[in-house]
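Engineer: Before I ask anything, let me first share the structure, which is written out below as structure tokens.
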Amino acid sequence: MDNKVFRYIPWLLILCLVCACGGGPRKTPETPDAARDGAREIQAGNLFYRKGCYRQAATHFYRAHIAFTAADHLPGIVVSLNSLGNVYQANGDLDNAIAFFDEALSISNDLGDRQSALQTLSNKAAAYIGADRLEPAEALIEAGETLAAKPFLPLQINRGILLVKKGDYPPAQTVLEKALTSVDGDDRSSRAKIHFALGRLMGARGDTDGAIEHFRQALDNDRAIGFYKGMAQDHTWIGDVYRQQDSHKKALSHYKQAVQIYALVNDAPHVGEVMEKLEAAAAATGTDIRITTHFVKTWLEDKSLKRPCR
């Protein structure tokens, strides 16, 4: 899932240097060139991260960390640590993700930077939620809610996803729908995440039509930002719901899209999982899927293929 929350950090904030008030106006210190380089690397890394191209994103985030460290720019260091932690979390490496988040949180606390501390707490909570470690995740969310002066969208989304995983569906729906009303219209990543969580919630409550609608909304948003694995995941879940409705032909269409995207991004484990579902849907409908199977096999084996993440 997808709980990859660095997307909420406005990278331009790291260029803001706060000068003390009092007396006559003071000239704002110039931002070191190294810090500007770091900000550019964060921006470049974010473009890859939003697409799910984590190896490429990590390269830029690592360069950003070097630049910020060389400039002794602590707010930037916090951002780069959070960014690298999110890459580890996205790749399923909880221990390393938490280590990066803890280091970022320590610096944020030393700086007295409430906003970056909130973001780091949210990132850490998302990592625990992704690993189904719900108790520590809930403790972190509560700590963040106590710290926040006003509702903080990443924490709201994490709270909603946590409640879905706990099976507390009515409060989960309330939290997620409230988050949906407050999210910025341009924040497609957050919208996709909320709709996907609501889709899972509706499916768990037996509202298959509602689940399909929310998964379609998630797909539209993931498609808009080019989040490859997100699109494949959305297609898979839509297919699963159609299969529950015995609409095997519709399920098959979505499984075909999902398995091909997974093949293009070289995600063999998910290819295997979705291919089983695709074959079952093909058998139920008497559909010939040889062309899809051919492309999937070819794309997985082609070492020279120019894949989407490049």
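Here's how to read the names in the structure tokens: chain A, B, ... by the order shown, residue numbers from 1 in each chain, ligand numbers from 1 in the order shown.
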Excluding range 100-103 of chain A and any residue of its chain fewer than 6 positions from it, enumerate the residues within 10 Å of it, using only C-alpha atoms, and give them as a PyMOL selection string.
Structural biologist: chain A and resi 77-86+88+117+119-125+127
Engineer: Wanna dump the range 223-265 of chain A-range 183-197 of chain A contacts at 12 Å for me, each residue with its shortest atom pair and the distance in Å to one decimal, counting only C-alpha atoms, ordered by chain and number, as CSV?
Structural biologist:
```
residue,atom,partner,partner_atom,distance
A:Arg223,CA,A:Arg188,CA,9.3
A:Ala224,CA,A:Arg188,CA,7.4
A:Ile225,CA,A:Arg188,CA,6.9
A:Gly226,CA,A:Ser189,CA,10.0
A:Phe227,CA,A:Ser189,CA,8.7
A:Gly230,CA,A:Ala192,CA,8.6
A:Met231,CA,A:Ala192,CA,9.8
A:Gln233,CA,A:Phe196,CA,9.5
A:Asp234,CA,A:Phe196,CA,7.5
A:His235,CA,A:Phe196,CA,11.1
A:Thr236,CA,A:Phe196,CA,11.7
A:Trp237,CA,A:Phe196,CA,9.2
A:Ile238,CA,A:Phe196,CA,10.3
```
Engineer: Pick out the closest residue to Gly144 in chain A from this set: A:Leu198, A:Arg114, A:Gly160, A:Ala172. Count only C-alpha atoms.
Structural biologist: A:Arg114
Engineer: Would you mind listing what lies within 8 Å of range 273-275 of chain A as a ChimeraX atom specification, with only C-alpha atoms counted and same-chain residues fewer than 2 positions away left out?
Structural biologist: /A:236,255,258-259,269-271,277-279
Engineer: Could you name the residues that touch Glu138 in chain A at 10 Å or less, counting only C-alpha atoms, but leaving out those on the same chain fewer than 3 positions away, as a list in words?
Structural biologist: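 Residues near the query, excluding close chain neighbours: Ala125, Ala126, Tyr128, Ile129, Arg133, Leu134, Glu135, Ile141, Glu142, Ala143, Gly144, Asn158, Arg159, Leu162 and Leu163 of chain A.
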Engineer: Please indicate the distance in Å from CA of Phe68 in chain A to CA of Ala34 in chain A, rounded to one decimal place.
Structural biologist: 6.4 Å
